[in-house]
Amino acid sequence: MIESYELAVIGAGPGGMEATISAAGFGVRTVLIESYPQPGGQYYMRMPSDFKVDYENKTETAGRKLVNHVLKGPALKILNCLVWGLFQQEDGSWLVALYGENAPKYVRAKNLILSTGSYDTPVAFPGWTLPGVVTSGGTLVLLKNQRVAPGKRAVVSGTGPLLFSVAAHLIEAGVEVVALCEVNHILPGGIKHAFTMLKQWDRLNEGAKYMKIILGAKTPYKIGWSIVEARGQEAVKQAVIAKMDKAGHPIPGTEKVFDVDLVVSGFTLTPNTGLPRMIDCEMTYQAGKGGWIPVRDGDCQTSLPGVYVIGDGAGVGGAENARLEGKIAGASVAKNTGHLSPSREKQFRQEIQSDLQQQQRFGDLLSDLFTPPAGLVSLLKDDTIICRCEEITLVEIKDAIQMGARSIGEVKMLTRTGMGNCQGRMCEHTVAAIIAHELAGEGITREQVGYYSIRPPLHPLPQSFLADAVPEEE
Amino acid sequence: MFRINKSSDMLPAIQRGERVHLTVDGKPIEAYKGETVAAVMLAAGIRTFQKSHKHHQPRSLYCSMGICYECLVTINGVHAQRACITTVEEGMQVETCKELEL
């Protein structure tokens, strides 16, 4: 017997939690599914319950309150559980396929709110597969939640404000940060957004704290510089950085070499869109939002009626934006399932509209200033591994293009890029950039290069589980 | 690579969970309840978690959030477990660079 719900919310980060609280609060029969053992997502990730800590900052307090709110609420919570597939039934409802120790194999839902967040945009460079090259998000999780430093001497490189947070936390942990590199030439663009920034007191305050630590440690903040190579045999031993032009090409002769055991790579975030792709939501390419994102209406509803995508998974906009979108999508489902009158939904919307607009302006600032430049593909050498899982190099991808591949799907078929464990999450950004770069002369754009199609299972699963996963006839 | 024991504004002191007994490739490693397998390995200075299957290159933790599958290790005989999202347990036996026996 498969349990039926009016709504399944997938992903319990800031957006998914708010969507659940909002929909279930209006009386929608809701199930919330999360891959981690606790709600919170990356942003509100709690310290392990076995650790004792007698201090929490503002973000942690807000996160704890939201997590407790959702845990006490009426929605069913299925934690520690992966969603590996979504299958639409004849009546339009969705069969949500689950993999988790204490989870049912399936739940059924009339509506879906997908809140699967984002991950660090994996930018390839020579040596990026060496132990000791870690993403900025990964570094922060280790420092903040595990209290383990992944190195002693580091170069932090990428783009965007998260770099300040990573560098400041590393320094506070006792790691020597020898260079903090921002690849974009950010000064001129920043001025026009000064007004927007002034409305973001909390963020400014946080940024100022980070800057104080970074300046106090005399860490060089290098604007227009980037990691160009990580060197070593068994692990990172050296980092090479260089001055970059505005398009993101290294300027020859500017290289500097540092002895380090850690390179933190933080080139902003990419929306995690595996589920909307799997069910063929219409997608659009928005470089400033992190890449391919689902097309949505004002209610955060996709091209498929009853399927909503919220938060970073619909375009990187941060935790506050995700929370507001969660409220909107939750109320929209409540309206469409008859739990909330259209006039009350309108009133609910009006209360959060101005907050949402402010968050969107901040999102626009981020995308204007901090998109990884296309020229970074020029860092790659013929033997650089691009697809980590299947170990496909640049020259193999170039060969496939020579043979006539014009889209990322065709490169995948010819080379196996994107067919390994990570399902293409780690190489898609770079493979697409390579194709667009190689075929720029033919006028091929990133939009035309396309995206990897995603099919179930979304994550690697034991075959013994899959063999047993066919739903029983009812 | 080290456990952060000093207290600072950004990273105030914490108390880790009870000591857990665990081995990596047969050697006993310092570990505490609440820690992930990846965290205890890094704190012990172990950097190579697996070797890539084609070129046998060393691979390690990259994303630390369970999506890149670069930190795969064998845990209690079960192949291809993500060290970054697996919490340590008493008596756990972790093996690195173990080829899948078919």
# chains A, B, ... in the order shown; residues from 1 in each chain; ligands from 1

call {"tool": "residues_around", "arguments": {"residues": "Gly17 (chain B)", "least_positions_apart": "5", "cutoff": "10 Å", "atoms": "only C-alpha atoms", "output": "ChimeraX atom specification"}}
result
/A:48-52 /B:31-35

call {"tool": "residues_around", "arguments": {"residues": "Leu142 (chain A)", "least_positions_apart": "4", "cutoff": "12 Å", "atoms": "only C-alpha atoms", "output": "compact mmCIF listing (two decimals) with C-alpha atoms, in the first residue's frame"}}
result
# COMPACT_ATOMS: atom_id res chain seq x y z
CA GLN A 42 23.64 23.05 3.83
CA MET A 45 23.18 22.35 8.92
CA MET A 47 26.40 20.45 14.54
CA PRO A 48 26.32 16.66 15.19
CA VAL A 134 38.27 20.98 -1.87
CA THR A 135 35.19 23.09 -2.68
CA SER A 136 34.40 26.15 -0.59
CA GLY A 137 31.12 24.63 0.63
CA GLY A 138 32.92 21.42 1.57
CA GLN A 146 33.18 18.87 12.09
CA ARG A 147 35.82 21.27 13.50
CA VAL A 148 38.45 19.71 11.25
CA ALA A 149 40.75 21.76 9.02
CA PRO A 150 41.45 20.03 5.67
CA GLY A 151 44.96 21.59 5.42
CA VAL A 166 35.84 30.49 3.80
CA HIS A 169 36.94 30.58 8.95
CA LEU A 170 40.22 29.00 7.79
CA ALA A 173 40.88 27.69 12.61
CA MET B 1 44.93 18.65 8.49
CA PHE B 2 44.00 18.78 12.12
CA ARG B 3 41.17 18.93 14.66
CA ILE B 4 40.42 22.52 15.59
CA LEU B 11 34.58 28.78 15.59
CA GLU B 35 32.45 12.89 13.46
CA THR B 36 32.26 11.75 9.85
CA VAL B 37 34.57 9.08 8.48
CA ALA B 38 36.09 11.71 6.16
CA ALA B 39 36.78 14.09 9.05
CA VAL B 40 38.61 11.46 11.14
CA MET B 41 40.63 10.35 8.12
CA LEU B 42 41.70 13.91 7.28
CA ALA B 43 42.47 14.67 10.94
CA LEU B 61 37.09 14.37 -0.47
CA TYR B 62 36.07 17.17 -2.85
CA CYS B 63 32.48 18.34 -2.27
CA SER B 64 31.98 17.07 1.31
CA MET B 65 28.21 17.02 0.79
CA CYS B 84 31.85 12.55 3.92
CA ILE B 85 28.29 11.73 4.96

call {"tool": "residues_around", "arguments": {"residues": "region 261-276 of chain A", "least_positions_apart": "3", "cutoff": "8 Å", "atoms": "only C-alpha atoms", "output": "PyMOL selection string"}}
result
chain A and resi 85-86+114+116-123+132-137+139+150-160+162-163+230+235-239+279-281+289-294+309+312-316+370-372+454+458

call {"tool": "select_by_dssp", "arguments": {"residues": "region 51-212 of chain A", "states": "helix (DSSP H, G or I)", "output": "VMD selection string"}}
result
chain A and resid 58 to 72 136 to 146 162 to 173 187 to 191 194 to 198 201 to 212

call {"tool": "write_last_selection", "arguments": {"atoms": "C-alpha atoms", "output": "PDB file, in the first residue's frame"}}
result
ATOM      1  CA  LYS A  58      22.238  34.488  14.701  1.00  0.00           C
ATOM      2  CA  THR A  59      22.097  32.174  11.677  1.00  0.00           C
ATOM      3  CA  GLU A  60      22.356  29.085  13.859  1.00  0.00           C
ATOM      4  CA  THR A  61      19.557  30.355  16.123  1.00  0.00           C
ATOM      5  CA  ALA A  62      17.328  31.033  13.129  1.00  0.00           C
ATOM      6  CA  GLY A  63      18.140  27.590  11.741  1.00  0.00           C
ATOM      7  CA  ARG A  64      17.446  25.797  15.016  1.00  0.00           C
ATOM      8  CA  LYS A  65      14.058  27.526  15.328  1.00  0.00           C
ATOM      9  CA  LEU A  66      13.072  26.652  11.770  1.00  0.00           C
ATOM     10  CA  VAL A  67      14.204  23.025  12.147  1.00  0.00           C
ATOM     11  CA  ASN A  68      12.269  22.638  15.424  1.00  0.00           C
ATOM     12  CA  HIS A  69       9.223  24.263  13.861  1.00  0.00           C
ATOM     13  CA  VAL A  70       9.192  21.812  10.963  1.00  0.00           C
ATOM     14  CA  LEU A  71       9.926  18.792  13.191  1.00  0.00           C
ATOM     15  CA  LYS A  72       6.993  19.645  15.492  1.00  0.00           C
ATOM     16  CA  SER A 136      34.396  26.148  -0.590  1.00  0.00           C
ATOM     17  CA  GLY A 137      31.124  24.628   0.633  1.00  0.00           C
ATOM     18  CA  GLY A 138      32.920  21.421   1.567  1.00  0.00           C
ATOM     19  CA  THR A 139      35.618  23.337   3.433  1.00  0.00           C
ATOM     20  CA  LEU A 140      33.004  25.250   5.440  1.00  0.00           C
ATOM     21  CA  VAL A 141      31.169  22.052   6.399  1.00  0.00           C
ATOM     22  CA  LEU A 142      34.427  20.527   7.678  1.00  0.00           C
ATOM     23  CA  LEU A 143      35.377  23.655   9.621  1.00  0.00           C
ATOM     24  CA  LYS A 144      31.993  24.600  11.057  1.00  0.00           C
ATOM     25  CA  ASN A 145      30.281  21.261  11.599  1.00  0.00           C
ATOM     26  CA  GLN A 146      33.181  18.875  12.089  1.00  0.00           C
ATOM     27  CA  LEU A 162      31.486  33.097   0.052  1.00  0.00           C
ATOM     28  CA  LEU A 163      35.272  33.299  -0.422  1.00  0.00           C
ATOM     29  CA  PHE A 164      35.493  35.803   2.476  1.00  0.00           C
ATOM     30  CA  SER A 165      33.600  33.434   4.720  1.00  0.00           C
ATOM     31  CA  VAL A 166      35.836  30.486   3.803  1.00  0.00           C
ATOM     32  CA  ALA A 167      39.067  32.475   4.228  1.00  0.00           C
ATOM     33  CA  ALA A 168      37.969  33.965   7.565  1.00  0.00           C
ATOM     34  CA  HIS A 169      36.943  30.577   8.953  1.00  0.00           C
ATOM     35  CA  LEU A 170      40.221  28.999   7.792  1.00  0.00           C
ATOM     36  CA  ILE A 171      42.235  31.754   9.466  1.00  0.00           C
ATOM     37  CA  GLU A 172      40.230  31.441  12.686  1.00  0.00           C
ATOM     38  CA  ALA A 173      40.881  27.694  12.614  1.00  0.00           C
ATOM     39  CA  LEU A 187      35.420  47.216  -8.585  1.00  0.00           C
ATOM     40  CA  PRO A 188      33.688  49.141 -11.391  1.00  0.00           C
ATOM     41  CA  GLY A 189      30.524  47.013 -11.339  1.00  0.00           C
ATOM     42  CA  GLY A 190      30.213  47.273  -7.592  1.00  0.00           C
ATOM     43  CA  ILE A 191      29.386  50.939  -7.466  1.00  0.00           C
ATOM     44  CA  ALA A 194      26.084  50.098  -3.595  1.00  0.00           C
ATOM     45  CA  PHE A 195      22.545  51.219  -2.885  1.00  0.00           C
ATOM     46  CA  THR A 196      21.213  47.665  -2.928  1.00  0.00           C
ATOM     47  CA  MET A 197      23.987  46.597  -0.587  1.00  0.00           C
ATOM     48  CA  LEU A 198      23.151  49.355   1.873  1.00  0.00           C
ATOM     49  CA  TRP A 201      22.718  45.402   6.919  1.00  0.00           C
ATOM     50  CA  ASP A 202      23.063  41.859   8.165  1.00  0.00           C
ATOM     51  CA  ARG A 203      25.100  40.808   5.188  1.00  0.00           C
ATOM     52  CA  LEU A 204      27.303  43.899   5.372  1.00  0.00           C
ATOM     53  CA  ASN A 205      27.885  43.271   9.029  1.00  0.00           C
ATOM     54  CA  GLU A 206      28.866  39.669   8.396  1.00  0.00           C
ATOM     55  CA  GLY A 207      31.159  40.713   5.545  1.00  0.00           C
ATOM     56  CA  ALA A 208      32.842  43.314   7.769  1.00  0.00           C
ATOM     57  CA  LYS A 209      33.601  40.671  10.405  1.00  0.00           C
ATOM     58  CA  TYR A 210      35.214  38.456   7.772  1.00  0.00           C
ATOM     59  CA  MET A 211      37.229  41.349   6.336  1.00  0.00           C
ATOM     60  CA  LYS A 212      38.544  42.252   9.784  1.00  0.00           C
TER      61      LYS A 212
END

call {"tool": "closest_residue", "arguments": {"among": "B:Gly45, B:Asn5, B:Cys97, B:Ala13", "to": "Gln57 (chain B)", "atoms": "only C-alpha atoms"}}
result
B:Cys97

call {"tool": "select_by_dssp", "arguments": {"residues": "region 96-253 of chain A", "states": "strand (DSSP E)", "output": "ChimeraX atom specification"}}
result
/A:96-99,106-114,118-120,133-135,148-149,153-159,176-182,221-223,225-231,238-243

call {"tool": "write_last_selection", "arguments": {"atoms": "N, CA and C atoms", "output": "short mmCIF file (atom, residue, chain, number, x, y, z; two decimals), in the first residue's frame"}}
result
data_model
loop_
_atom_site.label_atom_id
_atom_site.label_comp_id
_atom_site.auth_asym_id
_atom_site.auth_seq_id
_atom_site.Cartn_x
_atom_site.Cartn_y
_atom_site.Cartn_z
N VAL A 96 6.78 8.96 -6.03
CA VAL A 96 8.10 9.42 -5.60
C VAL A 96 8.87 8.21 -5.10
N ALA A 97 9.97 7.86 -5.79
CA ALA A 97 10.72 6.63 -5.47
C ALA A 97 11.80 6.95 -4.45
N LEU A 98 11.83 6.17 -3.36
CA LEU A 98 12.69 6.48 -2.23
C LEU A 98 13.70 5.37 -1.96
N TYR A 99 14.84 5.77 -1.40
CA TYR A 99 15.85 4.82 -0.95
C TYR A 99 16.38 5.28 0.40
N TYR A 106 7.98 3.87 -1.84
CA TYR A 106 7.34 4.93 -2.62
C TYR A 106 6.37 5.71 -1.76
N VAL A 107 6.18 6.97 -2.10
CA VAL A 107 4.99 7.70 -1.67
C VAL A 107 4.36 8.29 -2.92
N ARG A 108 3.05 8.60 -2.82
CA ARG A 108 2.37 9.20 -3.96
C ARG A 108 1.98 10.64 -3.57
N ALA A 109 2.10 11.57 -4.52
CA ALA A 109 1.74 12.95 -4.20
C ALA A 109 1.12 13.63 -5.41
N LYS A 110 0.11 14.48 -5.14
CA LYS A 110 -0.55 15.21 -6.23
C LYS A 110 0.31 16.38 -6.69
N ASN A 111 0.99 17.01 -5.73
CA ASN A 111 1.84 18.17 -6.05
C ASN A 111 3.25 17.91 -5.55
N LEU A 112 4.21 18.55 -6.21
CA LEU A 112 5.61 18.43 -5.80
C LEU A 112 6.20 19.82 -5.60
N ILE A 113 6.91 20.00 -4.49
CA ILE A 113 7.77 21.18 -4.36
C ILE A 113 9.20 20.67 -4.26
N LEU A 114 9.99 20.97 -5.29
CA LEU A 114 11.37 20.49 -5.35
C LEU A 114 12.27 21.59 -4.80
N SER A 118 21.67 23.89 -4.14
CA SER A 118 22.74 24.10 -5.11
C SER A 118 24.03 23.49 -4.58
N TYR A 119 25.02 23.45 -5.42
CA TYR A 119 26.34 22.98 -4.99
C TYR A 119 27.41 23.85 -5.64
N ASP A 120 28.63 23.80 -5.08
CA ASP A 120 29.71 24.60 -5.63
C ASP A 120 29.91 24.28 -7.10
N VAL A 133 42.40 19.44 -3.02
CA VAL A 133 41.55 20.43 -3.69
C VAL A 133 40.13 20.18 -3.20
N VAL A 134 39.57 21.15 -2.52
CA VAL A 134 38.27 20.98 -1.87
C VAL A 134 37.39 22.19 -2.24
N THR A 135 36.09 21.97 -2.38
CA THR A 135 35.19 23.09 -2.68
C THR A 135 35.04 24.00 -1.46
N VAL A 148 37.22 20.28 11.79
CA VAL A 148 38.45 19.71 11.25
C VAL A 148 38.90 20.61 10.10
N ALA A 149 40.20 20.95 10.10
CA ALA A 149 40.75 21.76 9.02
C ALA A 149 41.35 20.82 7.98
N ARG A 153 48.03 25.03 5.11
CA ARG A 153 48.44 26.21 4.34
C ARG A 153 47.62 26.19 3.05
N ALA A 154 46.90 27.28 2.78
CA ALA A 154 45.91 27.21 1.71
C ALA A 154 45.95 28.39 0.77
N VAL A 155 45.55 28.13 -0.48
CA VAL A 155 45.13 29.17 -1.41
C VAL A 155 43.62 29.04 -1.55
N VAL A 156 42.91 30.16 -1.42
CA VAL A 156 41.46 30.17 -1.61
C VAL A 156 41.21 30.92 -2.91
N SER A 157 40.50 30.29 -3.86
CA SER A 157 40.33 30.91 -5.18
C SER A 157 38.94 30.67 -5.72
N GLY A 158 38.43 31.67 -6.41
CA GLY A 158 37.11 31.54 -7.01
C GLY A 158 36.50 32.90 -7.23
N THR A 159 35.19 33.00 -6.96
CA THR A 159 34.52 34.29 -7.09
C THR A 159 33.34 34.36 -6.14
N GLU A 176 46.95 28.85 7.60
CA GLU A 176 47.56 30.02 6.96
C GLU A 176 47.00 30.15 5.54
N VAL A 177 46.33 31.26 5.25
CA VAL A 177 45.81 31.48 3.90
C VAL A 177 46.81 32.39 3.18
N VAL A 178 47.53 31.82 2.21
CA VAL A 178 48.61 32.58 1.57
C VAL A 178 48.09 33.50 0.48
N ALA A 179 46.92 33.21 -0.09
CA ALA A 179 46.32 34.12 -1.07
C ALA A 179 44.83 33.85 -1.16
N LEU A 180 44.08 34.95 -1.27
CA LEU A 180 42.63 34.88 -1.48
C LEU A 180 42.38 35.53 -2.84
N CYS A 181 42.03 34.70 -3.84
CA CYS A 181 41.95 35.19 -5.22
C CYS A 181 40.50 35.32 -5.68
N GLU A 182 40.13 36.52 -6.12
CA GLU A 182 38.81 36.78 -6.71
C GLU A 182 39.04 36.93 -8.22
N TYR A 221 44.39 39.89 -0.55
CA TYR A 221 43.14 39.73 -1.30
C TYR A 221 43.42 40.20 -2.72
N LYS A 222 43.47 39.25 -3.66
CA LYS A 222 43.94 39.55 -5.00
C LYS A 222 42.76 39.54 -5.99
N ILE A 223 42.35 40.75 -6.40
CA ILE A 223 41.23 40.87 -7.34
C ILE A 223 41.76 40.69 -8.76
N TRP A 225 42.66 37.68 -9.93
CA TRP A 225 43.61 36.58 -9.89
C TRP A 225 42.86 35.27 -9.72
N SER A 226 43.52 34.16 -10.13
CA SER A 226 42.87 32.86 -9.96
C SER A 226 43.90 31.74 -9.82
N ILE A 227 43.46 30.66 -9.20
CA ILE A 227 44.23 29.42 -9.26
C ILE A 227 44.30 29.03 -10.74
N VAL A 228 45.48 28.62 -11.21
CA VAL A 228 45.57 28.11 -12.58
C VAL A 228 46.04 26.66 -12.62
N GLU A 229 46.67 26.20 -11.52
CA GLU A 229 47.12 24.80 -11.50
C GLU A 229 47.39 24.36 -10.06
N ALA A 230 47.01 23.12 -9.75
CA ALA A 230 47.43 22.50 -8.48
C ALA A 230 48.44 21.44 -8.85
N ARG A 231 49.57 21.42 -8.12
CA ARG A 231 50.64 20.47 -8.47
C ARG A 231 50.88 19.50 -7.32
N GLN A 238 51.73 22.17 -4.32
CA GLN A 238 51.90 23.55 -4.75
C GLN A 238 50.64 24.06 -5.45
N ALA A 239 50.41 25.36 -5.30
CA ALA A 239 49.34 26.02 -6.05
C ALA A 239 49.95 27.10 -6.90
N VAL A 240 49.55 27.15 -8.18
CA VAL A 240 50.01 28.21 -9.06
C VAL A 240 48.83 29.15 -9.27
N ILE A 241 49.04 30.44 -9.00
CA ILE A 241 48.00 31.43 -9.28
C ILE A 241 48.54 32.40 -10.33
N ALA A 242 47.63 33.07 -11.03
CA ALA A 242 48.06 34.04 -12.05
C ALA A 242 47.05 35.16 -12.12
N LYS A 243 47.51 36.29 -12.64
CA LYS A 243 46.62 37.41 -12.92
C LYS A 243 45.80 37.05 -14.15
#

call {"tool": "closest_residue", "arguments": {"among": "B:His79, B:Lys98, B:His21, B:Arg59", "to": "chain A", "atoms": "only C-alpha atoms"}}
result
B:Arg59

call {"tool": "atom_distance", "arguments": {"atom1": "CA of Leu79 (chain A)", "atom2": "CA of Ile10 (chain A)"}}
result
10.5 Å

call {"tool": "closest_residue", "arguments": {"among": "A:Ala329, A:Val175, A:Ile2, A:Leu7", "to": "chain B", "atoms": "only C-alpha atoms"}}
result
A:Val175

call {"tool": "closest_residue", "arguments": {"among": "B:Ile46, B:Glu18, B:Gly26, B:Ser7", "to": "Pro131 (chain A)", "atoms": "only C-alpha atoms"}}
result
B:Ile46

call {"tool": "decode", "arguments": {"residues": "region 43-66 of chain B", "atoms": "N, CA and C atoms", "output": "mmCIF file, in the first residue's frame"}}
result
data_model
loop_
_atom_site.group_PDB
_atom_site.id
_atom_site.type_symbol
_atom_site.label_atom_id
_atom_site.label_comp_id
_atom_site.auth_asym_id
_atom_site.auth_seq_id
_atom_site.Cartn_x
_atom_site.Cartn_y
_atom_site.Cartn_z
ATOM 1 N N ALA B 43 41.799 14.269 9.697
ATOM 2 C CA ALA B 43 42.470 14.668 10.936
ATOM 3 C C ALA B 43 43.667 13.764 11.221
ATOM 4 N N ALA B 44 43.605 12.504 10.738
ATOM 5 C CA ALA B 44 44.715 11.570 10.929
ATOM 6 C C ALA B 44 45.763 11.701 9.816
ATOM 7 N N GLY B 45 45.544 12.639 8.913
ATOM 8 C CA GLY B 45 46.510 12.867 7.846
ATOM 9 C C GLY B 45 46.355 11.931 6.654
ATOM 10 N N ILE B 46 45.251 11.204 6.585
ATOM 11 C CA ILE B 46 45.031 10.295 5.448
ATOM 12 C C ILE B 46 44.358 11.080 4.329
ATOM 13 N N ARG B 47 45.000 11.158 3.192
ATOM 14 C CA ARG B 47 44.473 12.007 2.121
ATOM 15 C C ARG B 47 43.881 11.195 0.974
ATOM 16 N N THR B 48 44.464 10.029 0.679
ATOM 17 C CA THR B 48 43.960 9.242 -0.446
ATOM 18 C C THR B 48 42.850 8.320 0.052
ATOM 19 N N PHE B 49 41.635 8.552 -0.425
ATOM 20 C CA PHE B 49 40.497 7.746 -0.005
ATOM 21 C C PHE B 49 40.286 6.575 -0.965
ATOM 22 N N GLN B 50 40.463 6.845 -2.246
ATOM 23 C CA GLN B 50 40.328 5.783 -3.246
ATOM 24 C C GLN B 50 41.264 6.090 -4.404
ATOM 25 N N LYS B 51 41.482 5.067 -5.250
ATOM 26 C CA LYS B 51 42.242 5.267 -6.484
ATOM 27 C C LYS B 51 41.240 5.221 -7.629
ATOM 28 N N SER B 52 41.409 6.120 -8.602
ATOM 29 C CA SER B 52 40.488 6.135 -9.738
ATOM 30 C C SER B 52 40.617 4.812 -10.491
ATOM 31 N N HIS B 53 39.502 4.346 -11.072
ATOM 32 C CA HIS B 53 39.499 2.968 -11.585
ATOM 33 C C HIS B 53 40.300 2.789 -12.864
ATOM 34 N N LYS B 54 40.447 3.853 -13.652
ATOM 35 C CA LYS B 54 41.127 3.708 -14.938
ATOM 36 C C LYS B 54 42.632 3.980 -14.800
ATOM 37 N N HIS B 55 42.974 5.145 -14.259
ATOM 38 C CA HIS B 55 44.385 5.537 -14.184
ATOM 39 C C HIS B 55 44.997 5.358 -12.796
ATOM 40 N N HIS B 56 44.198 4.848 -11.843
ATOM 41 C CA HIS B 56 44.673 4.594 -10.471
ATOM 42 C C HIS B 56 45.304 5.829 -9.831
ATOM 43 N N GLN B 57 44.676 6.968 -10.079
ATOM 44 C CA GLN B 57 45.153 8.215 -9.456
ATOM 45 C C GLN B 57 44.484 8.385 -8.088
ATOM 46 N N PRO B 58 45.226 9.021 -7.147
ATOM 47 C CA PRO B 58 44.633 9.218 -5.823
ATOM 48 C C PRO B 58 43.454 10.191 -5.878
ATOM 49 N N ARG B 59 42.404 9.867 -5.152
ATOM 50 C CA ARG B 59 41.231 10.748 -5.060
ATOM 51 C C ARG B 59 40.857 10.908 -3.593
ATOM 52 N N SER B 60 40.235 12.025 -3.314
ATOM 53 C CA SER B 60 39.915 12.347 -1.927
ATOM 54 C C SER B 60 38.613 13.118 -1.855
ATOM 55 N N LEU B 61 38.291 13.548 -0.656
ATOM 56 C CA LEU B 61 37.093 14.368 -0.465
ATOM 57 C C LEU B 61 37.175 15.638 -1.312
ATOM 58 N N TYR B 62 36.118 15.943 -2.046
ATOM 59 C CA TYR B 62 36.071 17.169 -2.852
ATOM 60 C C TYR B 62 34.878 18.044 -2.450
ATOM 61 N N CYS B 63 33.652 17.491 -2.541
ATOM 62 C CA CYS B 63 32.477 18.339 -2.271
ATOM 63 C C CYS B 63 32.058 18.324 -0.807
ATOM 64 N N SER B 64 32.336 17.229 -0.107
ATOM 65 C CA SER B 64 31.982 17.069 1.307
ATOM 66 C C SER B 64 30.488 17.196 1.567
ATOM 67 N N MET B 65 29.643 16.996 0.556
ATOM 68 C CA MET B 65 28.207 17.020 0.788
ATOM 69 C C MET B 65 27.479 15.866 0.098
ATOM 70 N N GLY B 66 28.251 14.834 -0.270
ATOM 71 C CA GLY B 66 27.605 13.611 -0.738
ATOM 72 C C GLY B 66 27.232 13.576 -2.203
#
